[in-house]
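Peer 1: Can you keep this structure in mind? I'll have questions shortly.
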Amino acid sequence: MNDRQRNRLLAVLFVGVLMGALDIAIVGPALPAIRSEFGLDARAVSWVFSAYVLANLIGTPLMAKLSDFFGRRAVYVLDVALFAAGSLVVAFSHGSGAFWLLLLGRVVQGLGAGGIFPVASAVIGDTFPPEKRGGALGLIGAVFGLAFIIGPILGGVLLPFGWQWLFLINLPVAAVVVALAWRLLPHHKVAGAGGFDAAGMIALAVALGTLAYGLGAIDTGGFWTSLASLDVWPWLVVSVLAWLVLVRIERSAANPVFPIALFGRRQLRLGFLLTAGAGLGEASLVFLPTLAVVSLGVSASVGSYLLMPVVAAMAVGSPLAGRLLDRLGSRTVIAVGVAVLALGMILLSQTSSSLVMFIVSGLLIGLGLSALLGAPVRYVTLNETTAAERSAAQGLVTTFTSTGQLLGSAVVGAVAASAVGTAGYATAFAMVGVVSALLLVAALFLKSRDAEARPAAGHDHGRQEAAHA
């Protein structure tokens, strides 16, 4: 595959991932209208997000592994088609009075979206040589920052015509992506001997689903009381048991959907830890507009706009981090990024009463997250896995990021609610800064650029395959 073909392929992957990322960014503006139409309380409307998150968590490892059996092209097209079908179901719920229909659509959307980014990352590993993977992954990673810039604008344009149009807009985009993906994406299968790991998938779905539900039910205003309630702890206990069962199943599975053997490689263990930490940092951003309202005395709408420095920095930083990966290696990029993230979080916790410092802190946080979310950890994962392991490993990156987000949302919210006014939020962001500083230690144990450039033991075949793709 020549450079021109790779660039066309990258454009298709970019648009597909952007479509999924935009849905996260534009669903927020639709919530007030949805809540009004269906007569929902705050708890019920939260399921518009929760149903998507639960399905997304389960869809990520499922779709990643299916791409090994049926080929990247077939599963990527399936993911985009499912996302479009879910969007259509959500739009059809408008005027029906059937909230369950909207939730069904969100579940279908989540299942499809769960596979789009991991499969896209695996395709990059299959088709790009190692020295060009960083730049490609960085471009794909920039989608998420771009989505949060475009999303509110798109929402403002379409919402006057009805909230359903925020979902119907996905259909023509999905049709173009499906048509081009079917022409351009590779379609060979990489799974080895043995069937699909159905038992492992069921155990993983139970483990992730109950974990997400249990953490989502925690009331951060009364964290410990909520944790001890029947709405929370039974689900977390079931999750722990399901994880234990999963480990037992995967030890003997021919094609494990959750390949625990990957945890035997130090580089991957560190990568998964770092991406979970990135999820924690990303989750804390949910509380940033509230901090702006409390500490700066601005309105809620202005507080939301103060997220823009973070988003803009991520949109610029993600492709930059990707290009630097190919030149400097993952250790340098990630270590600098984690240090900048820690500085931004601690600075925010101490100077949030100043608008200028609030913006400066946001820019630092966005640049720091750029070195963790998206390209860098996925670059590490591609370098440490074979073609047969690639998609499942990329699924693990997404799974650990999402788990970090779930834990971060619960813990940061609890810390923020532990004190009145600015003090609670200051403590919460300082805590994230300290965790980021600890992650810096982990980042320093990643391989050097020279060591990373050498094929990992036993993985030469996967690298040679990519180099000649």
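So you can find residues: chains in the structure tokens are A, B, ... in the order shown, residues in each start at 1, and ligands are numbered from 1 in order.
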Counting only C-alpha atoms, which residues in range 261-298 of chain A sit no more than 9 Å from range 417-429 of chain A? For each one, give the nearest pair of atoms and the distance in Å, sorted by chain then residue number, as a Markdown table.
Peer 2:
| residue | atom | partner | partner_atom | distance |
| --- | --- | --- | --- | --- |
| A:Gly281 | CA | A:Phe429 | CA | 8.9 |
| A:Ser284 | CA | A:Phe429 | CA | 7.3 |
| A:Phe287 | CA | A:Tyr425 | CA | 7.9 |
| A:Leu288 | CA | A:Tyr425 | CA | 8.6 |
| A:Thr290 | CA | A:Tyr425 | CA | 8.7 |
| A:Leu291 | CA | A:Tyr425 | CA | 6.4 |
| A:Val294 | CA | A:Thr422 | CA | 6.1 |
| A:Ser295 | CA | A:Thr422 | CA | 5.8 |
Peer 1: Let's have the selection written as a PDB file, in the first residue's frame, with N, CA and C atoms.
Peer 2:
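Ended up saving to result-v6.pdb:
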ATOM      1  N   GLY A 281      -8.227  11.779  34.641  1.00  0.00           N
ATOM      2  CA  GLY A 281      -8.054  13.201  34.369  1.00  0.00           C
ATOM      3  C   GLY A 281      -9.157  13.748  33.486  1.00  0.00           C
ATOM      4  N   SER A 284     -12.430  14.356  35.358  1.00  0.00           N
ATOM      5  CA  SER A 284     -12.434  15.536  36.229  1.00  0.00           C
ATOM      6  C   SER A 284     -12.889  16.787  35.493  1.00  0.00           C
ATOM      7  N   PHE A 287     -16.285  18.550  36.016  1.00  0.00           N
ATOM      8  CA  PHE A 287     -16.504  19.451  37.148  1.00  0.00           C
ATOM      9  C   PHE A 287     -15.871  20.826  36.937  1.00  0.00           C
ATOM     10  N   LEU A 288     -15.174  20.995  35.821  1.00  0.00           N
ATOM     11  CA  LEU A 288     -14.482  22.261  35.590  1.00  0.00           C
ATOM     12  C   LEU A 288     -15.452  23.443  35.425  1.00  0.00           C
ATOM     13  N   THR A 290     -18.372  23.832  36.769  1.00  0.00           N
ATOM     14  CA  THR A 290     -18.917  24.128  38.099  1.00  0.00           C
ATOM     15  C   THR A 290     -17.892  24.891  38.937  1.00  0.00           C
ATOM     16  N   LEU A 291     -16.630  24.492  38.837  1.00  0.00           N
ATOM     17  CA  LEU A 291     -15.565  25.209  39.552  1.00  0.00           C
ATOM     18  C   LEU A 291     -15.519  26.663  39.091  1.00  0.00           C
ATOM     19  N   VAL A 294     -18.344  28.552  40.758  1.00  0.00           N
ATOM     20  CA  VAL A 294     -18.133  28.749  42.194  1.00  0.00           C
ATOM     21  C   VAL A 294     -16.999  29.727  42.474  1.00  0.00           C
ATOM     22  N   SER A 295     -15.883  29.584  41.755  1.00  0.00           N
ATOM     23  CA  SER A 295     -14.690  30.368  42.095  1.00  0.00           C
ATOM     24  C   SER A 295     -14.615  31.709  41.373  1.00  0.00           C
TER      25      SER A 295
END
Peer 1: Need the shell around Pro319 in chain A: protein/DNA/RNA residues with any atom at most 12 Å away, counting only C-alpha atoms. Skip same-chain ones fewer than 4 positions apart. Format as a list in words?
Peer 2: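 That gives Arg133, Gly134, Gly135, Ala136, Leu137, Gly138, Leu139, Ile140, Gly141, Ala142, Val143, Phe144, Gly145, Leu146, Ala313, Met314, Ala315, Arg323, Leu324, Leu325, Asp326, Leu367, Ser370, Ala371, Leu373, Gly374, Ala375 and Pro376 of chain A.
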Peer 1: Write a file of the selected residues as an mmCIF file, in the first residue's frame, keeping N, CA and C atoms.
Peer 2:
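Saved to part.cif:
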data_model
loop_
_atom_site.group_PDB
_atom_site.id
_atom_site.type_symbol
_atom_site.label_atom_id
_atom_site.label_comp_id
_atom_site.auth_asym_id
_atom_site.auth_seq_id
_atom_site.Cartn_x
_atom_site.Cartn_y
_atom_site.Cartn_z
ATOM 1 N N ARG A 133 3.192 5.411 12.210
ATOM 2 C CA ARG A 133 1.997 5.132 13.004
ATOM 3 C C ARG A 133 1.657 6.274 13.954
ATOM 4 N N GLY A 134 2.668 6.883 14.542
ATOM 5 C CA GLY A 134 2.422 7.950 15.518
ATOM 6 C C GLY A 134 1.632 9.093 14.915
ATOM 7 N N GLY A 135 2.066 9.555 13.724
ATOM 8 C CA GLY A 135 1.369 10.652 13.076
ATOM 9 C C GLY A 135 -0.073 10.299 12.728
ATOM 10 N N ALA A 136 -0.280 9.054 12.247
ATOM 11 C CA ALA A 136 -1.629 8.614 11.887
ATOM 12 C C ALA A 136 -2.520 8.536 13.118
ATOM 13 N N LEU A 137 -2.009 7.961 14.187
ATOM 14 C CA LEU A 137 -2.787 7.861 15.421
ATOM 15 C C LEU A 137 -3.059 9.242 16.021
ATOM 16 N N GLY A 138 -2.090 10.144 15.899
ATOM 17 C CA GLY A 138 -2.272 11.500 16.411
ATOM 18 C C GLY A 138 -3.397 12.227 15.697
ATOM 19 N N LEU A 139 -3.478 12.026 14.372
ATOM 20 C CA LEU A 139 -4.550 12.653 13.612
ATOM 21 C C LEU A 139 -5.908 12.114 14.042
ATOM 22 N N ILE A 140 -6.006 10.798 14.236
ATOM 23 C CA ILE A 140 -7.259 10.200 14.690
ATOM 24 C C ILE A 140 -7.600 10.694 16.101
ATOM 25 N N GLY A 141 -6.583 10.794 16.962
ATOM 26 C CA GLY A 141 -6.813 11.267 18.326
ATOM 27 C C GLY A 141 -7.304 12.696 18.386
ATOM 28 N N ALA A 142 -6.903 13.509 17.402
ATOM 29 C CA ALA A 142 -7.326 14.914 17.373
ATOM 30 C C ALA A 142 -8.814 15.061 17.135
ATOM 31 N N VAL A 143 -9.444 13.996 16.659
ATOM 32 C CA VAL A 143 -10.879 14.015 16.380
ATOM 33 C C VAL A 143 -11.686 14.422 17.613
ATOM 34 N N PHE A 144 -11.270 13.945 18.786
ATOM 35 C CA PHE A 144 -12.079 14.160 19.980
ATOM 36 C C PHE A 144 -12.074 15.630 20.411
ATOM 37 N N GLY A 145 -10.916 16.272 20.316
ATOM 38 C CA GLY A 145 -10.884 17.702 20.593
ATOM 39 C C GLY A 145 -11.673 18.485 19.560
ATOM 40 N N LEU A 146 -11.537 18.096 18.294
ATOM 41 C CA LEU A 146 -12.256 18.761 17.215
ATOM 42 C C LEU A 146 -13.765 18.608 17.387
ATOM 43 N N ALA A 313 -6.691 23.049 23.195
ATOM 44 C CA ALA A 313 -5.335 22.529 23.414
ATOM 45 C C ALA A 313 -5.244 21.060 23.015
ATOM 46 N N MET A 314 -6.299 20.287 23.271
ATOM 47 C CA MET A 314 -6.294 18.879 22.874
ATOM 48 C C MET A 314 -6.356 18.733 21.358
ATOM 49 N N ALA A 315 -7.126 19.590 20.697
ATOM 50 C CA ALA A 315 -7.230 19.535 19.237
ATOM 51 C C ALA A 315 -5.887 19.827 18.574
ATOM 52 N N ARG A 323 2.981 13.188 15.990
ATOM 53 C CA ARG A 323 4.192 13.394 15.177
ATOM 54 C C ARG A 323 5.456 13.260 16.021
ATOM 55 N N LEU A 324 5.394 13.739 17.244
ATOM 56 C CA LEU A 324 6.570 13.644 18.120
ATOM 57 C C LEU A 324 6.863 12.208 18.523
ATOM 58 N N LEU A 325 5.816 11.367 18.547
ATOM 59 C CA LEU A 325 6.038 9.953 18.875
ATOM 60 C C LEU A 325 7.014 9.319 17.896
ATOM 61 N N ASP A 326 6.849 9.607 16.602
ATOM 62 C CA ASP A 326 7.717 9.015 15.587
ATOM 63 C C ASP A 326 9.154 9.529 15.698
ATOM 64 N N LEU A 367 -3.137 20.135 26.888
ATOM 65 C CA LEU A 367 -1.893 19.656 26.278
ATOM 66 C C LEU A 367 -1.419 18.372 26.951
ATOM 67 N N SER A 370 -3.435 15.412 25.875
ATOM 68 C CA SER A 370 -3.121 15.050 24.487
ATOM 69 C C SER A 370 -2.041 13.978 24.412
ATOM 70 N N ALA A 371 -1.154 13.972 25.407
ATOM 71 C CA ALA A 371 -0.056 13.013 25.420
ATOM 72 C C ALA A 371 -0.452 11.684 26.059
ATOM 73 N N LEU A 373 -4.304 10.555 26.007
ATOM 74 C CA LEU A 373 -5.478 10.075 25.284
ATOM 75 C C LEU A 373 -5.165 9.997 23.792
ATOM 76 N N GLY A 374 -5.700 9.015 23.129
ATOM 77 C CA GLY A 374 -5.515 8.921 21.691
ATOM 78 C C GLY A 374 -4.242 8.207 21.304
ATOM 79 N N ALA A 375 -3.300 8.934 20.699
ATOM 80 C CA ALA A 375 -2.177 8.303 20.020
ATOM 81 C C ALA A 375 -1.153 7.602 20.920
ATOM 82 N N PRO A 376 -0.596 8.257 21.970
ATOM 83 C CA PRO A 376 0.599 7.706 22.619
ATOM 84 C C PRO A 376 0.461 6.279 23.165
#
Peer 1: Need to verify the contact set: Ser239 in chain A, 7 Å, only C-alpha atoms, exclusion of same-chain residues closer than 3 positions in sequence. Can you return it as a PyMOL selection string?
Peer 2: chain A and resi 206-208+210-211+235-236+242-243
Peer 1: For Leu82 in chain A, find every residue with an atom within 8 Å (counting only C-alpha atoms), except residues of its own chain fewer than 5 positions away, and show them as number ranges by chain.
Peer 2: A: 108-109, 111-112
Peer 1: Next, dump the selected residues to file, keeping only C-alpha atoms, as a PDB file, in the first residue's frame.
Peer 2:
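Resulting contents of again_3.pdb:
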ATOM      1  CA  VAL A 108     -27.369   0.228  19.493  1.00  0.00           C
ATOM      2  CA  GLN A 109     -25.350   3.421  18.991  1.00  0.00           C
ATOM      3  CA  LEU A 111     -22.436  -1.018  20.582  1.00  0.00           C
ATOM      4  CA  GLY A 112     -21.432   0.346  17.180  1.00  0.00           C
TER       5      GLY A 112
END
Peer 1: I need the residue nearest Val75 in chain A from this list: A:Ile34, A:Ala175, A:Ser391, A:Leu270. Use only C-alpha atoms for the distance.
Peer 2: A:Ser391
Peer 1: Find the residues near Ser46 in chain A: any atom within 12 Å, counting only C-alpha atoms, skip ones fewer than 2 places away on the same chain, and give them as number ranges by chain.
Peer 2: A: 27-28, 31-32, 34-35, 40-44, 48-53, 103, 106, 213, 216-217
Peer 1: Pull C-alpha atoms from the residues just selected and write them as a CSV table (one decimal), in the first residue's frame.
Peer 2:
chain,number,residue,atom,x,y,z
A,27,VAL,CA,-26.1,15.0,22.7
A,28,GLY,CA,-25.7,17.4,25.6
A,31,LEU,CA,-31.0,16.7,26.7
A,32,PRO,CA,-33.2,19.6,27.8
A,34,ILE,CA,-35.6,15.3,25.4
A,35,ARG,CA,-36.3,15.8,29.1
A,40,LEU,CA,-38.1,12.9,32.7
A,41,ASP,CA,-36.6,13.6,36.1
A,42,ALA,CA,-32.8,14.0,36.5
A,43,ARG,CA,-32.3,10.4,37.3
A,44,ALA,CA,-34.2,9.1,34.2
A,48,VAL,CA,-29.5,8.8,27.9
A,49,PHE,CA,-25.8,8.8,28.7
A,50,SER,CA,-25.7,5.6,30.9
A,51,ALA,CA,-27.3,3.3,28.3
A,52,TYR,CA,-24.7,4.5,25.7
A,53,VAL,CA,-21.8,4.1,28.1
A,103,LEU,CA,-32.8,4.1,25.1
A,106,ARG,CA,-28.7,4.7,22.4
A,213,TYR,CA,-23.9,0.4,36.7
A,216,GLY,CA,-22.9,5.2,38.1
A,217,ALA,CA,-25.4,4.7,41.0
Peer 1: Separation of CA of Ile260 in chain A and CA of Leu204 in chain A, in Å?
Peer 2: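 Between CA of Ile260 in chain A and CA of Leu204 in chain A the gap works out to 12.1 Å.
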Peer 1: Here is a test: counting only C-alpha atoms, which residue of A:Leu62, A:Leu285, A:Leu102, A:Ala254 is nearest to Val90 in chain A?
Peer 2: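 Comparing A:Leu62, A:Leu285, A:Leu102, A:Ala254 against Val90 in chain A, the winner is A:Leu102.
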Peer 1: Near Leu180 in chain A, within 10 Å and counting only C-alpha atoms, which residues show up once chain neighbours fewer than 6 positions away are dropped, as a PyMOL selection string?
Peer 2: chain A and resi 8-9+11-13+77+174
Peer 1: So how far away is CA of Leu57 in chain A from CA of Thr403 in chain A, in Å?
Peer 2: 8.8 Å
Peer 1: Return the single residue from A:Ala64, A:Val311, A:Ala451, A:Ala430 that is closest to Gly151 in chain A, with distances computed using only C-alpha atoms.
Peer 2: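 That would be A:Val311, the residue with the smallest distance to Gly151 in chain A.
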